[in-house]
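Shown here: structure_34.txt, compact mmCIF, C-alpha atoms and all ligand atoms.
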```txt
# COMPACT_ATOMS: atom_id res chain seq x y z
CA MET A 10 9.54 -21.22 18.28
CA THR A 11 11.38 -18.41 16.52
CA ALA A 12 9.46 -16.93 13.65
CA THR A 13 10.75 -16.59 10.11
CA ILE A 14 11.34 -12.90 9.44
CA ILE A 15 9.62 -12.11 6.15
CA ASP A 16 12.12 -10.04 4.19
CA GLY A 17 9.94 -7.52 2.36
CA LYS A 18 12.99 -5.64 1.21
CA ALA A 19 14.38 -8.68 -0.63
CA ILE A 20 11.02 -9.62 -2.16
CA ALA A 21 10.46 -6.01 -3.25
CA LYS A 22 13.93 -5.96 -4.82
CA ARG A 23 13.10 -9.02 -6.93
CA ILE A 24 9.92 -7.33 -8.17
CA LYS A 25 11.79 -4.11 -8.95
CA ASP A 26 14.56 -6.00 -10.78
CA GLU A 27 11.94 -7.62 -13.02
CA ILE A 28 10.35 -4.23 -13.71
CA ALA A 29 13.72 -2.66 -14.60
CA GLU A 30 14.46 -5.58 -16.93
CA GLU A 31 11.13 -5.24 -18.74
CA ILE A 32 11.56 -1.49 -19.12
CA LYS A 33 15.02 -2.09 -20.60
CA VAL A 34 13.49 -4.43 -23.18
CA ARG A 35 10.73 -1.90 -23.91
CA ASN A 36 13.41 0.74 -24.52
CA GLN A 37 15.22 -1.57 -26.93
CA PHE A 38 11.99 -1.89 -28.91
CA GLY A 39 11.55 1.89 -28.91
CA MET A 40 8.53 1.78 -26.61
CA PRO A 41 7.97 4.80 -24.39
CA ALA A 42 9.14 4.74 -20.79
CA PRO A 43 6.29 4.31 -18.31
CA GLY A 44 5.38 7.72 -16.84
CA LEU A 45 4.15 8.38 -13.29
CA ALA A 46 2.74 11.75 -12.24
CA THR A 47 2.95 12.53 -8.53
CA VAL A 48 0.80 15.26 -7.03
CA LEU A 49 1.52 16.80 -3.64
CA VAL A 50 -0.63 19.51 -2.08
CA GLY A 51 1.14 21.38 0.71
CA ASP A 52 4.45 20.65 2.41
CA ASP A 53 3.76 17.89 4.95
CA PRO A 54 7.25 16.50 5.77
CA ALA A 55 6.14 12.84 5.93
CA SER A 56 4.40 13.13 2.54
CA GLN A 57 7.51 14.74 1.10
CA ILE A 58 9.66 11.82 2.30
CA TYR A 59 7.22 9.21 0.90
CA LEU A 60 7.12 11.01 -2.45
CA ARG A 61 10.89 11.42 -2.62
CA ASN A 62 11.28 7.64 -2.14
CA LYS A 63 8.76 6.94 -4.89
CA ILE A 64 10.41 9.36 -7.32
CA ARG A 65 13.88 7.94 -6.53
CA THR A 66 12.63 4.42 -7.21
CA CYS A 67 11.13 5.57 -10.53
CA GLU A 68 14.55 6.89 -11.55
CA GLN A 69 16.26 3.62 -10.55
CA LEU A 70 13.87 1.53 -12.66
CA GLY A 71 13.65 3.71 -15.76
CA ILE A 72 10.18 5.12 -15.06
CA ARG A 73 9.75 8.81 -15.92
CA SER A 74 8.32 10.79 -13.04
CA PHE A 75 6.49 14.08 -13.39
CA SER A 76 6.07 15.81 -10.06
CA TYR A 77 3.53 18.51 -9.34
CA THR A 78 3.31 20.47 -6.10
CA LEU A 79 0.46 22.80 -5.23
CA PRO A 80 0.43 25.15 -2.21
CA ALA A 81 -1.28 24.02 0.99
CA ASP A 82 -4.12 26.51 0.37
CA ALA A 83 -4.75 25.31 -3.20
CA GLU A 84 -8.40 25.27 -4.18
CA GLN A 85 -10.41 22.25 -5.24
CA ALA A 86 -10.89 23.62 -8.78
CA GLU A 87 -7.14 24.06 -9.29
CA LEU A 88 -6.39 20.48 -8.28
CA GLU A 89 -9.28 19.14 -10.38
CA GLN A 90 -7.94 21.03 -13.42
CA LEU A 91 -4.49 19.50 -12.87
CA ILE A 92 -5.95 15.97 -12.68
CA ARG A 93 -7.92 16.55 -15.92
CA THR A 94 -4.73 17.68 -17.66
CA LEU A 95 -2.80 14.63 -16.41
CA ASN A 96 -5.62 12.32 -17.54
CA GLU A 97 -5.21 13.70 -21.08
CA ASN A 98 -1.39 13.54 -21.19
CA PRO A 99 -0.31 10.44 -23.15
CA GLU A 100 3.18 10.48 -21.60
CA ILE A 101 1.63 9.93 -18.18
CA HIS A 102 0.43 6.39 -17.59
CA GLY A 103 -0.13 6.55 -13.85
CA ILE A 104 -1.33 9.31 -11.51
CA LEU A 105 -0.65 9.32 -7.79
CA VAL A 106 -2.16 11.93 -5.50
CA GLN A 107 -0.27 11.86 -2.20
CA LEU A 108 -2.66 11.56 0.74
CA PRO A 109 -3.74 13.08 3.04
CA LEU A 110 -4.99 16.18 1.24
CA PRO A 111 -5.60 19.48 3.11
CA PRO A 112 -9.06 19.84 4.71
CA GLN A 113 -10.44 22.28 2.10
CA ILE A 114 -10.01 19.59 -0.59
CA ASP A 115 -12.67 16.92 -1.15
CA GLU A 116 -10.41 13.86 -1.33
CA TYR A 117 -13.08 11.47 -2.62
CA GLN A 118 -13.96 13.90 -5.42
CA ILE A 119 -10.31 14.19 -6.46
CA LEU A 120 -9.66 10.44 -6.42
CA SER A 121 -12.87 9.92 -8.43
CA LEU A 122 -11.58 12.28 -11.13
CA ILE A 123 -8.45 10.24 -11.89
CA ALA A 124 -8.98 8.10 -15.01
CA PRO A 125 -9.47 4.54 -13.65
CA GLN A 126 -6.93 3.28 -16.21
CA LYS A 127 -4.31 5.65 -14.72
CA ASP A 128 -5.32 5.06 -11.08
CA VAL A 129 -2.14 3.22 -10.07
CA ASP A 130 -3.04 3.59 -6.37
CA GLY A 131 -6.32 1.76 -6.98
CA PHE A 132 -8.39 4.25 -4.96
CA HIS A 133 -10.87 5.26 -7.68
CA PRO A 134 -14.41 4.14 -6.70
CA ILE A 135 -14.65 2.05 -9.90
CA ASN A 136 -11.49 0.16 -9.02
CA ALA A 137 -12.52 -0.13 -5.35
CA GLY A 138 -15.95 -1.36 -6.44
CA MET A 139 -14.54 -3.92 -8.85
CA LEU A 140 -12.27 -5.26 -6.09
CA SER A 141 -15.36 -5.96 -4.02
CA ARG A 142 -17.02 -7.99 -6.79
CA LYS A 143 -15.60 -11.41 -7.40
CA GLU A 144 -16.61 -11.50 -11.06
CA SER A 145 -14.72 -8.30 -11.99
CA ASP A 146 -11.01 -7.48 -12.06
CA PRO A 147 -10.05 -3.92 -11.18
CA TRP A 148 -7.62 -2.03 -13.36
CA PHE A 149 -5.52 -1.59 -10.23
CA ILE A 150 -5.54 -2.99 -6.71
CA PRO A 151 -4.15 -0.70 -3.96
CA CYS A 152 -0.40 -1.10 -3.52
CA THR A 153 -0.10 -1.95 0.17
CA PRO A 154 -2.77 -4.70 0.09
CA SER A 155 -1.21 -6.18 -3.08
CA GLY A 156 2.16 -6.21 -1.34
CA ILE A 157 0.65 -7.83 1.75
CA LEU A 158 -0.83 -10.63 -0.38
CA ILE A 159 2.57 -11.35 -1.92
CA LEU A 160 4.24 -11.41 1.52
CA VAL A 161 1.60 -13.81 2.84
CA GLN A 162 1.95 -16.04 -0.22
CA SER A 163 5.72 -16.14 0.29
CA ILE A 164 4.98 -18.13 3.46
CA VAL A 165 1.56 -19.71 2.95
CA SER A 166 1.31 -21.42 -0.43
CA ASP A 167 -2.49 -21.58 -0.45
CA ILE A 168 -4.51 -19.21 1.69
CA ALA A 169 -7.86 -20.74 0.67
CA GLY A 170 -9.85 -21.53 3.79
CA LYS A 171 -7.32 -19.92 6.14
CA GLU A 172 -8.70 -17.89 9.03
CA VAL A 173 -7.57 -14.28 8.50
CA VAL A 174 -8.09 -11.39 10.89
CA VAL A 175 -7.43 -7.86 9.61
CA ILE A 176 -7.30 -5.11 12.26
CA GLY A 177 -8.11 -1.78 10.58
CA ARG A 178 -10.74 -0.95 7.96
CA SER A 179 -9.31 2.13 6.20
CA SER A 180 -10.10 2.55 2.51
CA ILE A 181 -6.41 2.41 1.60
CA VAL A 182 -5.17 -0.52 3.70
CA GLY A 183 -7.51 -2.50 5.96
CA MET A 184 -10.63 -2.81 3.82
CA PRO A 185 -8.96 -3.56 0.46
CA THR A 186 -6.62 -6.02 2.19
CA ALA A 187 -9.59 -7.87 3.64
CA GLN A 188 -11.32 -7.88 0.24
CA LEU A 189 -8.22 -9.09 -1.57
CA LEU A 190 -7.63 -11.93 0.87
CA CYS A 191 -11.32 -12.84 0.66
CA ARG A 192 -11.04 -12.93 -3.16
CA ASN A 193 -8.27 -15.43 -2.58
CA ASN A 194 -10.73 -17.58 -0.62
CA ALA A 195 -9.55 -16.87 2.91
CA THR A 196 -12.16 -16.56 5.67
CA VAL A 197 -11.74 -12.95 6.73
CA THR A 198 -12.77 -11.07 9.88
CA ILE A 199 -12.38 -7.27 9.87
CA CYS A 200 -11.77 -5.55 13.22
CA HIS A 201 -11.74 -1.86 14.13
CA ARG A 202 -11.99 0.54 17.07
CA GLN A 203 -15.47 -0.64 18.05
CA THR A 204 -14.61 -4.35 17.93
CA GLN A 205 -15.28 -6.16 21.20
CA GLU A 206 -12.84 -8.74 22.59
CA LEU A 207 -10.18 -7.97 19.99
CA PRO A 208 -7.45 -10.20 21.52
CA LYS A 209 -9.83 -13.17 21.51
CA ILE A 210 -10.72 -12.66 17.84
CA CYS A 211 -7.04 -12.25 16.93
CA ARG A 212 -6.19 -15.57 18.59
CA ARG A 213 -8.37 -17.30 15.98
CA ALA A 214 -6.19 -16.07 13.12
CA ASP A 215 -3.90 -18.25 11.01
CA ILE A 216 -2.92 -14.97 9.34
CA LEU A 217 -3.11 -11.72 11.32
CA VAL A 218 -2.79 -8.41 9.46
CA VAL A 219 -2.44 -5.33 11.64
CA ALA A 220 -2.96 -1.84 10.14
CA VAL A 221 -3.98 0.49 12.95
CA GLY A 222 -1.25 3.10 13.43
CA ASN A 223 -0.84 2.32 17.14
CA SER A 224 2.72 1.46 18.19
CA ARG A 225 3.16 -2.16 19.40
CA MET A 226 -0.56 -2.53 20.19
CA VAL A 227 -0.80 -6.25 19.38
CA LYS A 228 0.80 -8.39 22.08
CA SER A 229 2.10 -11.94 21.84
CA SER A 230 -0.85 -13.20 23.92
CA TRP A 231 -3.13 -12.11 21.03
CA VAL A 232 -1.33 -14.37 18.57
CA LYS A 233 -2.12 -18.03 17.97
CA PRO A 234 1.08 -20.11 18.11
CA GLY A 235 2.29 -20.65 14.55
CA ALA A 236 0.29 -17.77 13.03
CA VAL A 237 1.67 -15.55 10.26
CA VAL A 238 1.71 -11.89 11.33
CA ILE A 239 1.82 -9.00 8.86
CA ASP A 240 2.57 -5.69 10.55
CA VAL A 241 1.60 -2.76 8.34
CA GLY A 242 2.00 -0.01 10.94
CA ILE A 243 4.59 2.74 10.66
CA ASN A 244 4.88 4.68 13.91
CA ARG A 245 7.58 7.16 14.87
CA ILE A 246 8.19 7.16 18.64
CA PRO A 247 10.93 8.57 20.91
CA ASP A 248 13.98 6.28 21.09
CA PRO A 249 14.04 4.83 24.65
CA ALA A 250 17.86 4.76 24.45
CA ASP A 251 18.07 8.41 23.42
CA PRO A 252 14.85 10.47 23.74
CA SER A 253 16.30 13.20 21.51
CA LYS A 254 15.98 10.73 18.65
CA THR A 255 13.07 8.76 17.21
CA ILE A 256 12.67 5.18 16.03
CA LEU A 257 10.20 3.46 13.72
CA THR A 258 7.93 0.83 15.21
CA GLY A 259 5.12 -1.31 13.87
CA ASP A 260 1.69 -2.01 15.33
CA THR A 261 2.81 -5.29 16.92
CA ASP A 262 5.14 -6.17 19.75
CA PHE A 263 7.68 -7.72 17.40
CA ASP A 264 10.21 -8.77 20.07
CA GLU A 265 7.61 -10.89 21.90
CA ILE A 266 5.63 -12.14 18.91
CA VAL A 267 8.73 -13.47 17.20
CA ASN A 268 8.65 -16.24 19.83
CA VAL A 269 5.04 -17.23 19.11
CA ALA A 270 4.34 -16.68 15.41
CA SER A 271 5.68 -18.89 12.60
CA ALA A 272 6.47 -15.82 10.47
CA ILE A 273 6.34 -12.04 10.91
CA THR A 274 7.17 -8.92 8.92
CA PRO A 275 9.64 -6.47 10.48
CA VAL A 276 9.20 -2.69 10.63
CA PRO A 277 11.00 -1.26 8.78
CA GLY A 278 11.78 -3.70 5.96
CA GLY A 279 8.48 -5.60 5.72
CA VAL A 280 5.38 -4.13 4.09
CA GLY A 281 6.83 -0.66 3.36
CA PRO A 282 9.22 -1.65 0.54
CA MET A 283 6.46 -3.74 -1.06
CA THR A 284 4.14 -0.74 -1.33
CA ILE A 285 6.62 1.15 -3.50
CA ALA A 286 7.50 -1.93 -5.59
CA ILE A 287 3.81 -2.54 -6.39
CA LEU A 288 3.33 1.12 -7.28
CA MET A 289 6.11 0.69 -9.84
CA ARG A 290 4.56 -2.56 -11.08
CA ASN A 291 1.19 -0.86 -11.47
CA THR A 292 2.78 2.00 -13.41
CA LEU A 293 4.43 -0.44 -15.79
CA ALA A 294 1.10 -2.26 -16.18
CA ALA A 295 -0.56 1.07 -16.99
CA ALA A 296 2.05 1.68 -19.69
CA ARG A 297 1.32 -1.75 -21.15
CA ARG A 298 -2.35 -0.75 -21.09
CA GLU A 299 -3.06 -4.08 -19.49
CA LYS A 300 -4.67 -5.02 -16.25
CA PRO A 301 -2.03 -6.04 -13.70
CA LEU A 302 -1.76 -9.70 -12.77
P1 LIG B 401 -6.20 4.83 9.41
O1 LIG B 401 -6.00 5.70 10.62
O2 LIG B 401 -6.89 5.38 8.23
O3 LIG B 401 -7.04 3.54 9.87
C1 LIG B 401 -6.74 2.86 11.06
C2 LIG B 401 -7.74 1.77 11.27
O4 LIG B 401 -7.36 1.07 12.45
C3 LIG B 401 -9.16 2.25 11.48
O5 LIG B 401 -10.04 1.44 10.74
C4 LIG B 401 -9.42 2.08 12.98
O6 LIG B 401 -10.77 1.71 13.27
C5 LIG B 401 -8.46 0.95 13.32
N1 LIG B 401 -7.97 1.11 14.70
C6 LIG B 401 -7.25 2.13 15.22
N2 LIG B 401 -6.99 1.91 16.53
C7 LIG B 401 -7.55 0.72 16.83
C8 LIG B 401 -7.65 -0.02 18.01
N3 LIG B 401 -7.11 0.40 19.16
N4 LIG B 401 -8.30 -1.20 17.98
C9 LIG B 401 -8.84 -1.67 16.82
N5 LIG B 401 -8.80 -0.97 15.66
C10 LIG B 401 -8.17 0.20 15.67
O7 LIG B 401 -4.76 4.25 9.07
P2 LIG B 401 -4.22 3.54 7.73
O8 LIG B 401 -4.03 4.56 6.69
O9 LIG B 401 -5.05 2.34 7.44
O10 LIG B 401 -2.77 3.08 8.23
C11 LIG B 401 -2.60 2.17 9.30
C12 LIG B 401 -1.12 2.06 9.62
O11 LIG B 401 -0.46 1.53 8.48
C13 LIG B 401 -0.44 3.38 9.92
O12 LIG B 401 0.58 3.17 10.88
C14 LIG B 401 0.19 3.78 8.60
O13 LIG B 401 1.32 4.61 8.77
C15 LIG B 401 0.58 2.42 8.09
N6 LIG B 401 0.70 2.33 6.62
C16 LIG B 401 1.78 1.68 6.15
C17 LIG B 401 1.97 1.52 4.80
C18 LIG B 401 3.16 0.79 4.31
O14 LIG B 401 3.47 0.85 3.13
N7 LIG B 401 3.85 0.06 5.19
C19 LIG B 401 1.03 2.05 3.90
C20 LIG B 401 -0.09 2.69 4.42
C21 LIG B 401 -0.25 2.83 5.79
```

Please rewrite the model in this file as structure tokens.
Ligand code: NAD
Amino acid sequence: MTATIIDGKAIAKRIKDEIAEEIKVRNQFGMPAPGLATVLVGDDPASQIYLRNKIRTCEQLGIRSFSYTLPADAEQAELEQLIRTLNENPEIHGILVQLPLPPQIDEYQILSLIAPQKDVDGFHPINAGMLSRKESDPWFIPCTPSGILILVQSIVSDIAGKEVVVIGRSSIVGMPTAQLLCRNNATVTICHRQTQELPKICRRADILVVAVGNSRMVKSSWVKPGAVVIDVGINRIPDPADPSKTILTGDTDFDEIVNVASAITPVPGGVGPMTIAILMRNTLAAARREKPL
């Protein structure tokens, strides 16, 4: 069996094209452009790259971006004041605080200060809480999990009753992904560092989502034949062909698993592009003052 390669880049492009089209129509009707504020504290190179990509995508789609950078030694009060100002600014519909924040900053406190209606990352405790309750719809669902759901649905038309295993339980990827898939009636098992017999549990999965940050950890022997594998990991490792360079790898052994799974996301070009596309979709939804679909 050779797995279908799930083309996250192409699916993300379709989403972004729709967003650009809607923004064009909004412009024609004199409606304001959606506005996204990005907040960076410090000068972490990876964070700078992620933010640059997000800001570039805003420009491509007609979303106004407002970028704010504070020094690495910024104090909690300074960042809190900035968030309060952004909450009040009517030109700003979405607020994104690039994580991780420096150690002197209380991340949970900062994320809790963002107005839930502008929380396009979906990390505010109100939005996180509403995601965990089946009877409530959050204003925003975190971008990577939303993108993962779309990628899964591009292959599996109905995930109800499917056996899903999610490896990783972070607040930004693993846990909300598990909750979102559970809301869609999958039977979900969440695994983490303390999980016993991880390969055995993984072999149960019809859909295996891996978000650990450990290059090529999941081997083909962990994958049930015909399973759908979503690889969220982004790892930078030395290039075996030229150790002076680096390459990006996922959390799964793609080259082996492609012969066992029915479908798999590549790294790069799988989940990553979806995360940015959903951020844009959430920002547009914030401008509409509607809950996203
Ligand atoms: P994290 O470090 O916050 O969480 C990792 C989780 O994996 C933890 O719950 C931990 O218990 C679990 N874990 C780690 N090693 C394990 C092991 N050996 N066995 C079982 N469980 C293990 O990381 P995160 O923020 O959730 O990100 C995970 C990966 O996804 C990273 O590579 C990150 O770069 C990537 N990521 C990608 C996107 C994207 O858009 N593609 C977005 C966010 C994160």

Q: Name the closest residue to Ile287 (chain A) among the candidates A:Ile72, A:Val173, A:Ile150, A:Ile114; distances are taken between atoms, counting all atoms listed in the file.
A: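 So, comparing all the options, the nearest one is A:Ile150.
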
Q: Would you mind listing what lies within 12 Å of Arg202 (chain A) as a list in words, with only C-alpha atoms counted and same-chain residues fewer than 6 positions away left out?
A: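 The neighbour list is Ile176, Gly177, Arg178, Ser179, Ala220, Val221, Gly222 and Asn223 of chain A.
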
Q: Using all atoms listed in the file, determine which residues fall within 8 Å of ligand LIG 401 (chain B), then list them as JSON, numbers by chain.
A: {"A": [152, 153, 176, 177, 178, 179, 180, 181, 182, 183, 200, 201, 202, 203, 204, 207, 219, 220, 221, 222, 223, 224, 226, 240, 241, 242, 243, 244, 259, 260, 279, 280, 281, 282, 283, 284, 285]}

Q. Separation of CA of Tyr117 (chain A) and CA of Ala21 (chain A), in Å?
A.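 Computed distance, CA of Tyr117 (chain A) to CA of Ala21 (chain A), equals 29.3 Å.
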
Q | Interatomic distance, CA of Ser74 (chain A) to CA of Ile123 (chain A) (Å, one decimal) | A |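 Computed distance, CA of Ser74 (chain A) to CA of Ile123 (chain A), equals 16.8 Å.
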
Q. If we count all atoms listed in the file, what is near region 76-88 of chain A at a cut-off of 9 Å, once residues fewer than 3 positions away on the same chain are taken out, given as a PyMOL selection string?
A. chain A and resi 45-53+64+91-93+110-111+113-115+119

Generate the output file for the selected residues, C-alpha atoms, as a PDB file, in the coordinates of the input.
```pdb
ATOM      1  CA  LEU A  45       4.150   8.380 -13.290  1.00  0.00           C
ATOM      2  CA  ALA A  46       2.740  11.750 -12.240  1.00  0.00           C
ATOM      3  CA  THR A  47       2.950  12.530  -8.530  1.00  0.00           C
ATOM      4  CA  VAL A  48       0.800  15.260  -7.030  1.00  0.00           C
ATOM      5  CA  LEU A  49       1.520  16.800  -3.640  1.00  0.00           C
ATOM      6  CA  VAL A  50      -0.630  19.510  -2.080  1.00  0.00           C
ATOM      7  CA  GLY A  51       1.140  21.380   0.710  1.00  0.00           C
ATOM      8  CA  ASP A  52       4.450  20.650   2.410  1.00  0.00           C
ATOM      9  CA  ASP A  53       3.760  17.890   4.950  1.00  0.00           C
ATOM     10  CA  ILE A  64      10.410   9.360  -7.320  1.00  0.00           C
ATOM     11  CA  LEU A  91      -4.490  19.500 -12.870  1.00  0.00           C
ATOM     12  CA  ILE A  92      -5.950  15.970 -12.680  1.00  0.00           C
ATOM     13  CA  ARG A  93      -7.920  16.550 -15.920  1.00  0.00           C
ATOM     14  CA  LEU A 110      -4.990  16.180   1.240  1.00  0.00           C
ATOM     15  CA  PRO A 111      -5.600  19.480   3.110  1.00  0.00           C
ATOM     16  CA  GLN A 113     -10.440  22.280   2.100  1.00  0.00           C
ATOM     17  CA  ILE A 114     -10.010  19.590  -0.590  1.00  0.00           C
ATOM     18  CA  ASP A 115     -12.670  16.920  -1.150  1.00  0.00           C
ATOM     19  CA  ILE A 119     -10.310  14.190  -6.460  1.00  0.00           C
TER      20      ILE A 119
END
```

**Q.** Point-to-point distance from CA of Pro151 (chain A) to CA of Asp130 (chain A), Å rounded to tenths
**A.**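 Distance between the two atoms: 5.0 Å.
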
Output region 189-198 of chain A with all heavy atoms present, as a PDB file, in the frame of the given file.
```
ATOM      1  N   LEU A 189      -9.151  -8.344  -0.713  1.00  0.00           N
ATOM      2  CA  LEU A 189      -8.220  -9.090  -1.570  1.00  0.00           C
ATOM      3  C   LEU A 189      -7.985 -10.509  -1.029  1.00  0.00           C
ATOM      4  O   LEU A 189      -7.959 -11.485  -1.796  1.00  0.00           O
ATOM      5  CB  LEU A 189      -6.889  -8.317  -1.633  1.00  0.00           C
ATOM      6  CG  LEU A 189      -5.830  -8.823  -2.596  1.00  0.00           C
ATOM      7  CD1 LEU A 189      -6.363  -8.895  -4.022  1.00  0.00           C
ATOM      8  CD2 LEU A 189      -4.599  -7.903  -2.551  1.00  0.00           C
ATOM      9  N   LEU A 190      -7.843 -10.608   0.281  1.00  0.00           N
ATOM     10  CA  LEU A 190      -7.630 -11.930   0.870  1.00  0.00           C
ATOM     11  C   LEU A 190      -8.898 -12.782   0.738  1.00  0.00           C
ATOM     12  O   LEU A 190      -8.829 -13.990   0.501  1.00  0.00           O
ATOM     13  CB  LEU A 190      -7.178 -11.798   2.330  1.00  0.00           C
ATOM     14  CG  LEU A 190      -5.802 -11.118   2.491  1.00  0.00           C
ATOM     15  CD1 LEU A 190      -5.517 -10.812   3.957  1.00  0.00           C
ATOM     16  CD2 LEU A 190      -4.682 -11.967   1.919  1.00  0.00           C
ATOM     17  N   CYS A 191     -10.045 -12.134   0.839  1.00  0.00           N
ATOM     18  CA  CYS A 191     -11.320 -12.840   0.660  1.00  0.00           C
ATOM     19  C   CYS A 191     -11.448 -13.339  -0.777  1.00  0.00           C
ATOM     20  O   CYS A 191     -11.893 -14.470  -1.023  1.00  0.00           O
ATOM     21  CB  CYS A 191     -12.460 -11.904   1.029  1.00  0.00           C
ATOM     22  SG  CYS A 191     -14.041 -12.727   1.066  1.00  0.00           S
ATOM     23  N   ARG A 192     -11.034 -12.497  -1.744  1.00  0.00           N
ATOM     24  CA  ARG A 192     -11.040 -12.930  -3.160  1.00  0.00           C
ATOM     25  C   ARG A 192     -10.171 -14.145  -3.364  1.00  0.00           C
ATOM     26  O   ARG A 192     -10.344 -14.909  -4.306  1.00  0.00           O
ATOM     27  CB  ARG A 192     -10.507 -11.802  -4.063  1.00  0.00           C
ATOM     28  CG  ARG A 192     -11.483 -10.723  -4.394  1.00  0.00           C
ATOM     29  CD  ARG A 192     -10.788  -9.598  -5.126  1.00  0.00           C
ATOM     30  NE  ARG A 192     -10.590  -9.897  -6.527  1.00  0.00           N
ATOM     31  CZ  ARG A 192     -11.380  -9.459  -7.507  1.00  0.00           C
ATOM     32  NH1 ARG A 192     -12.422  -8.713  -7.242  1.00  0.00           N
ATOM     33  NH2 ARG A 192     -11.129  -9.761  -8.763  1.00  0.00           N
ATOM     34  N   ASN A 193      -9.158 -14.273  -2.495  1.00  0.00           N
ATOM     35  CA  ASN A 193      -8.270 -15.430  -2.580  1.00  0.00           C
ATOM     36  C   ASN A 193      -8.747 -16.558  -1.657  1.00  0.00           C
ATOM     37  O   ASN A 193      -7.960 -17.423  -1.273  1.00  0.00           O
ATOM     38  CB  ASN A 193      -6.828 -15.022  -2.279  1.00  0.00           C
ATOM     39  CG  ASN A 193      -6.196 -14.313  -3.459  1.00  0.00           C
ATOM     40  OD1 ASN A 193      -5.582 -14.940  -4.313  1.00  0.00           O
ATOM     41  ND2 ASN A 193      -6.383 -13.002  -3.548  1.00  0.00           N
ATOM     42  N   ASN A 194     -10.024 -16.485  -1.305  1.00  0.00           N
ATOM     43  CA  ASN A 194     -10.730 -17.580  -0.620  1.00  0.00           C
ATOM     44  C   ASN A 194     -10.357 -17.807   0.832  1.00  0.00           C
ATOM     45  O   ASN A 194     -10.595 -18.882   1.379  1.00  0.00           O
ATOM     46  CB  ASN A 194     -10.573 -18.885  -1.413  1.00  0.00           C
ATOM     47  CG  ASN A 194     -11.132 -18.747  -2.802  1.00  0.00           C
ATOM     48  OD1 ASN A 194     -12.193 -18.164  -2.981  1.00  0.00           O
ATOM     49  ND2 ASN A 194     -10.418 -19.239  -3.803  1.00  0.00           N
ATOM     50  N   ALA A 195      -9.746 -16.775   1.459  1.00  0.00           N
ATOM     51  CA  ALA A 195      -9.550 -16.870   2.910  1.00  0.00           C
ATOM     52  C   ALA A 195     -10.875 -16.528   3.603  1.00  0.00           C
ATOM     53  O   ALA A 195     -11.759 -15.912   3.004  1.00  0.00           O
ATOM     54  CB  ALA A 195      -8.470 -15.886   3.349  1.00  0.00           C
ATOM     55  N   THR A 196     -11.000 -16.928   4.850  1.00  0.00           N
ATOM     56  CA  THR A 196     -12.160 -16.560   5.670  1.00  0.00           C
ATOM     57  C   THR A 196     -11.731 -15.360   6.508  1.00  0.00           C
ATOM     58  O   THR A 196     -10.846 -15.486   7.355  1.00  0.00           O
ATOM     59  CB  THR A 196     -12.557 -17.733   6.583  1.00  0.00           C
ATOM     60  OG1 THR A 196     -12.844 -18.856   5.742  1.00  0.00           O
ATOM     61  CG2 THR A 196     -13.760 -17.397   7.438  1.00  0.00           C
ATOM     62  N   VAL A 197     -12.313 -14.192   6.203  1.00  0.00           N
ATOM     63  CA  VAL A 197     -11.740 -12.950   6.730  1.00  0.00           C
ATOM     64  C   VAL A 197     -12.660 -12.282   7.760  1.00  0.00           C
ATOM     65  O   VAL A 197     -13.856 -12.130   7.524  1.00  0.00           O
ATOM     66  CB  VAL A 197     -11.471 -11.957   5.573  1.00  0.00           C
ATOM     67  CG1 VAL A 197     -10.839 -10.672   6.107  1.00  0.00           C
ATOM     68  CG2 VAL A 197     -10.570 -12.591   4.516  1.00  0.00           C
ATOM     69  N   THR A 198     -12.073 -11.881   8.875  1.00  0.00           N
ATOM     70  CA  THR A 198     -12.770 -11.070   9.880  1.00  0.00           C
ATOM     71  C   THR A 198     -12.105  -9.698   9.909  1.00  0.00           C
ATOM     72  O   THR A 198     -10.872  -9.609   9.951  1.00  0.00           O
ATOM     73  CB  THR A 198     -12.656 -11.714  11.279  1.00  0.00           C
ATOM     74  OG1 THR A 198     -13.178 -13.046  11.218  1.00  0.00           O
ATOM     75  CG2 THR A 198     -13.405 -10.919  12.333  1.00  0.00           C
TER      76      THR A 198
END
```
